[in-house]
>>> print(open('structure.cif').read())   # mmCIF, C-alpha atoms and all ligand atoms
data_protein
#
loop_
_atom_site.group_PDB
_atom_site.id
_atom_site.type_symbol
_atom_site.label_atom_id
_atom_site.label_comp_id
_atom_site.auth_asym_id
_atom_site.auth_seq_id
_atom_site.Cartn_x
_atom_site.Cartn_y
_atom_site.Cartn_z
ATOM 1 C CA MET V 443 105.406 66.875 133.134
ATOM 2 C CA ASP V 444 102.440 69.233 133.028
ATOM 3 C CA LYS V 445 99.392 67.075 133.822
ATOM 4 C CA ARG V 446 97.192 69.153 131.536
ATOM 5 C CA PHE V 447 99.269 68.020 128.573
ATOM 6 C CA PRO V 448 100.062 64.323 129.079
ATOM 7 C CA LYS V 449 102.533 62.801 126.657
ATOM 8 C CA TYR V 450 99.942 60.494 125.173
ATOM 9 C CA THR V 451 96.316 61.361 124.699
ATOM 10 C CA LYS V 452 93.437 59.072 123.888
ATOM 11 C CA ALA V 453 90.580 60.308 121.745
ATOM 12 C CA GLU V 454 87.349 60.243 123.751
ATOM 13 C CA PRO V 455 84.312 58.730 122.045
ATOM 14 C CA PRO V 456 81.581 61.194 121.051
ATOM 15 C CA ASP V 457 78.270 61.421 122.929
ATOM 16 C CA GLY V 458 75.977 58.538 122.096
ATOM 17 C CA HIS V 459 74.114 55.529 123.397
ATOM 18 C CA THR V 460 75.947 52.490 124.555
ATOM 19 C CA GLY V 461 74.857 49.041 125.685
ATOM 20 C CA ALA V 462 75.966 45.449 125.586
ATOM 21 C CA GLY V 463 77.871 45.070 122.329
ATOM 22 C CA PHE V 464 76.841 48.311 120.684
ATOM 23 C CA PHE V 465 77.524 52.016 120.563
ATOM 24 C CA ALA V 466 75.316 54.366 118.591
ATOM 25 C CA THR V 467 75.924 57.993 117.769
ATOM 26 C CA THR V 468 75.280 60.416 114.926
ATOM 27 C CA PHE V 469 77.186 60.708 111.664
ATOM 28 C CA ASP V 470 78.095 64.319 112.491
ATOM 29 C CA ARG V 471 79.828 63.243 115.676
ATOM 30 C CA VAL V 472 81.822 60.453 114.048
ATOM 31 C CA ILE V 473 83.027 62.825 111.337
ATOM 32 C CA GLY V 474 83.784 65.434 114.012
ATOM 33 C CA LEU V 475 85.814 62.898 116.007
ATOM 34 C CA ALA V 476 87.914 62.021 112.957
ATOM 35 C CA ARG V 477 88.385 65.627 111.909
ATOM 36 C CA LYS V 478 89.340 66.993 115.301
ATOM 37 C CA ASN V 479 92.073 64.401 115.743
ATOM 38 C CA SER V 480 93.636 64.813 112.325
ATOM 39 C CA ILE V 481 93.818 68.564 111.774
ATOM 40 C CA TRP V 482 96.464 69.571 109.252
ATOM 41 C CA PRO V 483 97.683 73.082 110.081
ATOM 42 C CA LEU V 484 99.087 75.559 107.603
ATOM 43 C CA PRO V 485 101.588 77.722 109.518
ATOM 44 C CA PHE V 486 101.631 81.263 108.137
ATOM 45 C CA ALA V 487 104.499 82.588 110.220
ATOM 46 C CA THR V 488 106.046 85.965 109.585
ATOM 47 C CA SER V 489 107.998 86.770 112.741
ATOM 48 C CA CYS V 490 108.780 85.968 116.377
ATOM 49 C CA CYS V 491 105.537 84.072 117.112
ATOM 50 C CA GLY V 492 106.615 81.606 114.437
ATOM 51 C CA ILE V 493 109.643 80.708 116.554
ATOM 52 C CA GLU V 494 107.354 79.896 119.463
ATOM 53 C CA PHE V 495 105.334 77.712 117.138
ATOM 54 C CA MET V 496 108.525 75.837 116.222
ATOM 55 C CA ALA V 497 108.907 75.041 119.925
ATOM 56 C CA THR V 498 105.298 73.831 119.941
ATOM 57 C CA MET V 499 106.122 71.417 117.141
ATOM 58 C CA GLY V 500 109.295 70.187 118.843
ATOM 59 C CA ALA V 501 109.654 67.009 120.876
ATOM 60 C CA HIS V 502 108.826 68.568 124.245
ATOM 61 C CA TYR V 503 105.380 69.974 123.388
ATOM 62 C CA ASP V 504 104.829 67.789 120.353
ATOM 63 C CA LEU V 505 101.703 68.717 118.418
ATOM 64 C CA ALA V 506 101.848 65.223 116.923
ATOM 65 C CA ARG V 507 99.961 64.056 120.016
ATOM 66 C CA PHE V 508 96.915 65.741 118.527
ATOM 67 C CA GLY V 509 97.274 64.106 115.133
ATOM 68 C CA SER V 510 98.701 67.326 113.713
ATOM 69 C CA GLU V 511 102.364 66.665 113.068
ATOM 70 C CA ARG V 512 101.764 66.920 109.349
ATOM 71 C CA LEU V 513 102.056 70.631 108.625
ATOM 72 C CA SER V 514 100.827 71.650 105.247
ATOM 73 C CA PHE V 515 102.451 74.334 103.151
ATOM 74 C CA SER V 516 99.855 73.792 100.476
ATOM 75 C CA PRO V 517 96.487 75.438 101.230
ATOM 76 C CA ARG V 518 94.682 72.657 99.373
ATOM 77 C CA GLN V 519 95.797 70.097 101.923
ATOM 78 C CA ALA V 520 95.230 72.122 105.080
ATOM 79 C CA ASP V 521 92.296 72.451 107.495
ATOM 80 C CA LEU V 522 93.624 75.056 109.883
ATOM 81 C CA LEU V 523 95.246 78.352 108.959
ATOM 82 C CA MET V 524 97.516 79.409 111.818
ATOM 83 C CA VAL V 525 98.637 83.005 111.392
ATOM 84 C CA MET V 526 101.531 83.958 113.639
ATOM 85 C CA GLY V 527 103.343 87.225 113.534
ATOM 86 C CA THR V 528 102.991 90.757 112.286
ATOM 87 C CA ILE V 529 100.981 91.011 109.092
ATOM 88 C CA ALA V 530 101.798 94.071 107.036
ATOM 89 C CA LYS V 531 98.927 95.564 105.045
ATOM 90 C CA LYS V 532 100.743 94.546 101.875
ATOM 91 C CA MET V 533 100.644 90.955 103.124
ATOM 92 C CA ALA V 534 96.920 91.014 103.964
ATOM 93 C CA PRO V 535 95.709 90.042 100.448
ATOM 94 C CA VAL V 536 98.119 87.093 100.557
ATOM 95 C CA VAL V 537 96.638 85.853 103.849
ATOM 96 C CA GLN V 538 93.183 86.119 102.313
ATOM 97 C CA GLN V 539 94.269 84.348 99.138
ATOM 98 C CA VAL V 540 95.716 81.456 101.129
ATOM 99 C CA TYR V 541 92.435 81.238 103.068
ATOM 100 C CA ILE V 542 90.413 81.209 99.844
ATOM 101 C CA GLN V 543 92.600 78.434 98.427
ATOM 102 C CA MET V 544 91.873 76.200 101.417
ATOM 103 C CA ALA V 545 89.070 73.713 100.937
ATOM 104 C CA GLU V 546 86.064 73.669 103.255
ATOM 105 C CA PRO V 547 85.776 72.999 106.093
ATOM 106 C CA ARG V 548 88.567 75.298 107.245
ATOM 107 C CA TRP V 549 89.353 77.024 110.489
ATOM 108 C CA VAL V 550 91.586 79.941 111.475
ATOM 109 C CA LEU V 551 93.677 80.541 114.576
ATOM 110 C CA ALA V 552 95.304 83.927 115.217
ATOM 111 C CA MET V 553 98.394 83.409 117.337
ATOM 112 C CA GLY V 554 99.767 86.303 119.343
ATOM 113 C CA ALA V 555 98.984 89.966 119.747
ATOM 114 C CA CYS V 556 100.193 90.954 116.265
ATOM 115 C CA ALA V 557 98.021 88.504 114.323
ATOM 116 C CA SER V 558 95.066 89.154 116.646
ATOM 117 C CA SER V 559 95.155 92.941 116.796
ATOM 118 C CA GLY V 560 98.338 94.373 115.298
ATOM 119 C CA GLY V 561 99.983 94.167 118.716
ATOM 120 C CA ILE V 562 102.330 96.985 119.588
ATOM 121 C CA PHE V 563 102.547 97.985 115.921
ATOM 122 C CA ASP V 564 99.744 100.505 115.738
ATOM 123 C CA THR V 565 101.214 102.002 112.585
ATOM 124 C CA TYR V 566 100.121 102.913 109.070
ATOM 125 C CA SER V 567 101.679 99.774 107.580
ATOM 126 C CA VAL V 568 100.485 96.995 109.885
ATOM 127 C CA LEU V 569 97.149 95.212 109.640
ATOM 128 C CA GLN V 570 95.332 95.655 112.954
ATOM 129 C CA GLY V 571 94.279 92.020 113.222
ATOM 130 C CA ILE V 572 93.794 89.346 110.589
ATOM 131 C CA ASP V 573 90.048 89.359 111.247
ATOM 132 C CA ARG V 574 90.005 92.390 108.930
ATOM 133 C CA VAL V 575 90.561 89.997 106.019
ATOM 134 C CA VAL V 576 89.507 86.491 107.147
ATOM 135 C CA PRO V 577 87.089 85.153 109.776
ATOM 136 C CA VAL V 578 88.959 83.966 112.878
ATOM 137 C CA ASP V 579 87.798 81.069 115.065
ATOM 138 C CA VAL V 580 90.244 81.296 117.980
ATOM 139 C CA TYR V 581 92.573 84.053 119.199
ATOM 140 C CA VAL V 582 95.620 83.172 121.298
ATOM 141 C CA PRO V 583 96.774 86.201 123.320
ATOM 142 C CA GLY V 584 100.369 86.956 124.260
ATOM 143 C CA CYS V 585 103.552 88.460 122.896
ATOM 144 C CA PRO V 586 104.595 85.827 122.204
ATOM 145 C CA PRO V 587 102.203 83.197 123.575
ATOM 146 C CA ARG V 588 103.963 80.260 125.190
ATOM 147 C CA PRO V 589 103.615 76.842 123.549
ATOM 148 C CA GLU V 590 101.146 75.850 126.302
ATOM 149 C CA GLN V 591 98.908 78.714 125.160
ATOM 150 C CA VAL V 592 99.231 77.655 121.542
ATOM 151 C CA ILE V 593 98.220 74.115 122.507
ATOM 152 C CA ASP V 594 95.312 75.505 124.525
ATOM 153 C CA GLY V 595 94.167 77.493 121.474
ATOM 154 C CA PHE V 596 94.604 74.421 119.321
ATOM 155 C CA MET V 597 92.452 72.388 121.717
ATOM 156 C CA LYS V 598 89.771 75.084 121.496
ATOM 157 C CA ILE V 599 89.870 74.634 117.728
ATOM 158 C CA GLN V 600 89.516 70.884 118.253
ATOM 159 C CA GLU V 601 86.392 71.503 120.340
ATOM 160 C CA LEU V 602 84.880 73.606 117.562
ATOM 161 C CA VAL V 603 85.821 71.050 114.901
ATOM 162 C CA GLY V 604 84.402 68.134 116.901
ATOM 163 C CA LYS V 605 81.063 69.844 117.491
ATOM 164 C CA GLU V 606 80.550 71.476 114.126
ATOM 165 C CA SER V 607 77.452 70.420 112.246
ATOM 166 C CA LEU V 608 78.058 69.063 108.764
ATOM 167 C CA ARG V 609 75.473 71.551 107.509
ATOM 168 C CA ARG V 610 77.076 74.692 108.940
ATOM 169 C CA ARG V 611 79.165 75.421 105.858
ATOM 170 C CA TYR V 612 76.045 75.412 103.664
ATOM 171 C CA SER V 613 74.097 77.731 105.937
ATOM 172 C CA GLN V 614 72.974 81.202 104.908
ATOM 173 C CA GLU V 615 74.666 82.621 107.990
ATOM 174 C CA TYR V 616 78.032 81.189 106.926
ATOM 175 C CA LYS V 617 77.625 82.446 103.371
ATOM 176 C CA GLU V 618 76.848 85.913 104.713
ATOM 177 C CA LEU V 619 79.912 85.772 106.954
ATOM 178 C CA LEU V 620 82.149 85.061 103.962
ATOM 179 C CA MET V 621 80.397 87.698 101.873
ATOM 180 C CA SER V 622 81.143 90.271 104.569
ATOM 181 C CA TYR V 623 84.817 89.557 103.806
ATOM 182 C CA GLY V 624 84.249 89.747 100.060
ATOM 183 C CA ILE V 625 84.955 86.002 99.749
HETATM 184 S S1 LIG V 701 102.919 89.134 119.166
HETATM 185 FE FE1 LIG V 701 104.961 89.667 119.949
HETATM 186 S S2 LIG V 701 106.153 87.804 119.652
HETATM 187 FE FE2 LIG V 701 104.342 87.619 118.332
HETATM 188 S S3 LIG V 701 104.967 88.430 116.340
HETATM 189 FE FE3 LIG V 701 104.089 90.106 117.501
HETATM 190 S S4 LIG V 701 105.841 91.133 118.466
HETATM 191 FE FE4 LIG V 701 106.503 89.074 117.842
#
>>> encode(input="structure.cif", output="structure tokens", more="lines below")
Ligand code: SF4
Amino acid sequence: MDKRFPKYTKAEPPDGHTGAGFFATTFDRVIGLARKNSIWPLPFATSCCGIEFMATMGAHYDLARFGSERLSFSPRQADLLMVMGTIAKKMAPVVQQVYIQMAEPRWVLAMGACASSGGIFDTYSVLQGIDRVVPVDVYVPGCPPRPEQVIDGFMKIQELVGKESLRRRYSQEYKELLMSYGI
């Protein structure tokens, strides 16, 4: 078994102060710990990368180890939009609509060359990266990326989720980011 991905993982406690009989940390970090270990992904799969994601969900790679076995096909009950596959320009407004329907806080992972940049399809009909329509937090390169890469990208998302300040979503900078996408 790959030692980087042990079969069972234990959530590490957040930074804080510990002593005899007590552990103190901040509210942000406790919320971050809970969120990062219970991310509900929404798989938006249009082509071959989606097949690789199916392998990631299967018993061998098993995304359930990260508290994420519950995929959501309803944007209202999802935290992480995972876009995998070629996105045609006609499909772009749908990706954005799904993103808008997700409740805050929400994160986005672009899996594979097509979702990240259009991939080999530099044509009139293909969106050259989903970051043209929604803000992306993590890009996973490859055509297709292997499940190990998907898990690595997912763990990067976990890092972001665990460290995110509770105030970030109310910040002017975040509002301006969304406004730049017309959201
Ligand atoms: S990046 Fe490669 S494997 Fe993934 S959807 Fe595009 S062509 Fe298919």
>>> residues_around(input="structure.cif", residues="V:Arg471", least_positions_apart="3", cutoff="7 Å", atoms="all atoms listed in the file", output="VMD selection string")
chain V and resid 456 467 to 468 474 to 475 604 to 605
>>> closest_atom_pairs(input="structure.cif", of="chain V", to="ligand LIG 701 (chain V)", cutoff="9 Å", atoms="only C-alpha atoms and all ligand atoms", output="CSV")
residue,atom,partner,partner_atom,distance
V:Ala487,CA,V:LIG701,S3,8.5
V:Thr488,CA,V:LIG701,S3,7.3
V:Ser489,CA,V:LIG701,S3,5.0
V:Cys490,CA,V:LIG701,FE4,4.1
V:Cys491,CA,V:LIG701,FE2,3.9
V:Gly492,CA,V:LIG701,S3,7.3
V:Ile493,CA,V:LIG701,S2,8.5
V:Glu494,CA,V:LIG701,S2,8.0
V:Met526,CA,V:LIG701,S3,6.3
V:Gly527,CA,V:LIG701,S3,3.5
V:Thr528,CA,V:LIG701,S3,5.1
V:Ile529,CA,V:LIG701,S3,8.7
V:Met553,CA,V:LIG701,FE2,7.4
V:Gly554,CA,V:LIG701,S1,4.2
V:Ala555,CA,V:LIG701,S1,4.1
V:Cys556,CA,V:LIG701,FE3,4.2
V:Ala557,CA,V:LIG701,S1,6.9
V:Ser558,CA,V:LIG701,S1,8.2
V:Ser559,CA,V:LIG701,S1,9.0
V:Gly560,CA,V:LIG701,FE3,7.5
V:Gly561,CA,V:LIG701,S1,5.8
V:Ile562,CA,V:LIG701,S4,6.9
V:Phe563,CA,V:LIG701,S4,8.0
V:Pro583,CA,V:LIG701,S1,8.0
V:Gly584,CA,V:LIG701,S1,6.1
V:Cys585,CA,V:LIG701,FE1,3.5
V:Pro586,CA,V:LIG701,S2,3.6
V:Pro587,CA,V:LIG701,FE2,7.2
>>> resolve_selection(input="structure.cif", expression="the PyMOL selection byres (((chain V and resi 610-622) around 9) and not hetatm)", output="ChimeraX atom specification")
/V:546-547,576-577,606-609,623-625
>>> residues_near_point(input="structure.cif", point="(93.0, 65.0, 116.1)", cutoff="7 Å", atoms="only C-alpha atoms", output="PyMOL selection string")
chain V and resi 476-481+508-510
>>> closest_residue(input="structure.cif", among="V:Ala497, V:Ala453, V:Ile599, V:Ala534", to="V:Asp573", atoms="all atoms listed in the file")
V:Ala534
>>> resolve_selection(input="structure.cif", expression="the PyMOL selection byres (((chain V and resi 593) around 10) and not hetatm)", output="list in words")
Phe447, Phe495, Thr498, Met499, Tyr503, Asp504, Leu505, Phe508, Val582, Pro587, Arg588, Pro589, Glu590, Gln591, Val592, Asp594, Gly595, Phe596, Met597, Lys598 and Ile599 of chain V
>>> write_last_selection(input="structure.cif", atoms="C-alpha atoms", output="compact mmCIF listing (two decimals), keeping the file's coordinate frame")
# COMPACT_ATOMS: atom_id res chain seq x y z
CA PHE V 447 99.27 68.02 128.57
CA PHE V 495 105.33 77.71 117.14
CA THR V 498 105.30 73.83 119.94
CA MET V 499 106.12 71.42 117.14
CA TYR V 503 105.38 69.97 123.39
CA ASP V 504 104.83 67.79 120.35
CA LEU V 505 101.70 68.72 118.42
CA PHE V 508 96.92 65.74 118.53
CA VAL V 582 95.62 83.17 121.30
CA PRO V 587 102.20 83.20 123.58
CA ARG V 588 103.96 80.26 125.19
CA PRO V 589 103.62 76.84 123.55
CA GLU V 590 101.15 75.85 126.30
CA GLN V 591 98.91 78.71 125.16
CA VAL V 592 99.23 77.66 121.54
CA ASP V 594 95.31 75.50 124.52
CA GLY V 595 94.17 77.49 121.47
CA PHE V 596 94.60 74.42 119.32
CA MET V 597 92.45 72.39 121.72
CA LYS V 598 89.77 75.08 121.50
CA ILE V 599 89.87 74.63 117.73
>>> axis_aligned_box(input="structure.cif", around="stretch 567-573 of chain V", padding_each_side="8 Å", output="AutoDock Vina command-line options")
--center_x 95.9 --center_y 94.6 --center_z 110.4 --size_x 27.6 --size_y 26.4 --size_z 21.6
>>> decode(input="structure.cif", residues="stretch 513-588 of chain V", atoms="C-alpha atoms", output="JSON list (two decimals), in the first residue's frame")
[["chain", "number", "residue", "atom", "x", "y", "z"],
["V", 513, "LEU", "CA", -21.36, 12.70, -2.94],
["V", 514, "SER", "CA", -23.99, 15.30, -3.45],
["V", 515, "PHE", "CA", -25.91, 15.74, -6.67],
["V", 516, "SER", "CA", -27.78, 18.63, -5.14],
["V", 517, "PRO", "CA", -25.80, 21.90, -5.06],
["V", 518, "ARG", "CA", -27.56, 22.91, -1.85],
["V", 519, "GLN", "CA", -25.97, 20.06, 0.05],
["V", 520, "ALA", "CA", -22.46, 20.29, -1.36],
["V", 521, "ASP", "CA", -19.29, 22.09, -0.23],
["V", 522, "LEU", "CA", -16.93, 21.22, -3.04],
["V", 523, "LEU", "CA", -17.63, 21.52, -6.75],
["V", 524, "MET", "CA", -15.39, 19.06, -8.59],
["V", 525, "VAL", "CA", -15.42, 19.73, -12.32],
["V", 526, "MET", "CA", -13.95, 16.90, -14.37],
["V", 527, "GLY", "CA", -13.95, 16.74, -18.10],
["V", 528, "THR", "CA", -14.34, 18.91, -21.15],
["V", 529, "ILE", "CA", -16.72, 21.80, -20.62],
["V", 530, "ALA", "CA", -18.30, 23.06, -23.81],
["V", 531, "LYS", "CA", -19.07, 26.78, -23.94],
["V", 532, "LYS", "CA", -22.76, 25.90, -23.99],
["V", 533, "MET", "CA", -22.25, 24.09, -20.68],
["V", 534, "ALA", "CA", -20.39, 26.98, -19.02],
["V", 535, "PRO", "CA", -23.53, 28.80, -17.77],
["V", 536, "VAL", "CA", -24.68, 25.52, -16.22],
["V", 537, "VAL", "CA", -21.40, 25.15, -14.30],
["V", 538, "GLN", "CA", -21.81, 28.70, -13.05],
["V", 539, "GLN", "CA", -25.44, 28.14, -12.10],
["V", 540, "VAL", "CA", -24.53, 25.05, -10.08],
["V", 541, "TYR", "CA", -21.82, 27.08, -8.33],
["V", 542, "ILE", "CA", -24.28, 29.87, -7.54],
["V", 543, "GLN", "CA", -26.76, 27.37, -6.11],
["V", 544, "MET", "CA", -24.17, 26.05, -3.65],
["V", 545, "ALA", "CA", -24.30, 27.57, -0.20],
["V", 546, "GLU", "CA", -21.27, 29.31, 1.30],
["V", 547, "PRO", "CA", -18.65, 28.31, 2.15],
["V", 548, "ARG", "CA", -17.92, 26.50, -1.10],
["V", 549, "TRP", "CA", -14.77, 25.44, -2.85],
["V", 550, "VAL", "CA", -13.92, 24.41, -6.41],
["V", 551, "LEU", "CA", -11.49, 21.83, -7.75],
["V", 552, "ALA", "CA", -10.71, 21.63, -11.47],
["V", 553, "MET", "CA", -9.69, 18.08, -12.30],
["V", 554, "GLY", "CA", -7.65, 17.42, -15.41],
["V", 555, "ALA", "CA", -6.34, 19.45, -18.31],
["V", 556, "CYS", "CA", -9.77, 20.01, -19.89],
["V", 557, "ALA", "CA", -11.45, 21.51, -16.82],
["V", 558, "SER", "CA", -8.30, 23.48, -15.96],
["V", 559, "SER", "CA", -7.46, 24.91, -19.37],
["V", 560, "GLY", "CA", -9.50, 23.31, -22.15],
["V", 561, "GLY", "CA", -6.80, 20.67, -22.55],
["V", 562, "ILE", "CA", -6.11, 19.54, -26.08],
["V", 563, "PHE", "CA", -9.42, 21.02, -27.24],
["V", 564, "ASP", "CA", -8.32, 24.48, -28.23],
["V", 565, "THR", "CA", -11.41, 24.92, -30.37],
["V", 566, "TYR", "CA", -14.23, 27.42, -30.85],
["V", 567, "SER", "CA", -16.67, 25.32, -28.82],
["V", 568, "VAL", "CA", -14.70, 24.41, -25.70],
["V", 569, "LEU", "CA", -14.32, 26.58, -22.62],
["V", 570, "GLN", "CA", -10.60, 27.18, -22.05],
["V", 571, "GLY", "CA", -10.74, 26.49, -18.32],
["V", 572, "ILE", "CA", -13.59, 26.70, -15.83],
["V", 573, "ASP", "CA", -11.90, 29.65, -14.13],
["V", 574, "ARG", "CA", -13.49, 31.72, -16.92],
["V", 575, "VAL", "CA", -16.84, 31.25, -15.16],
["V", 576, "VAL", "CA", -16.15, 30.33, -11.51],
["V", 577, "PRO", "CA", -13.25, 30.93, -9.11],
["V", 578, "VAL", "CA", -11.09, 27.81, -8.76],
["V", 579, "ASP", "CA", -9.26, 26.86, -5.55],
["V", 580, "VAL", "CA", -7.17, 23.89, -6.72],
["V", 581, "TYR", "CA", -6.16, 22.64, -10.18],
["V", 582, "VAL", "CA", -5.23, 18.98, -10.67],
["V", 583, "PRO", "CA", -3.08, 18.56, -13.80],
["V", 584, "GLY", "CA", -3.07, 15.51, -16.05],
["V", 585, "CYS", "CA", -4.97, 13.89, -18.88],
["V", 586, "PRO", "CA", -6.42, 12.17, -17.03],
["V", 587, "PRO", "CA", -4.96, 12.65, -13.55],
["V", 588, "ARG", "CA", -4.50, 9.41, -11.65]]
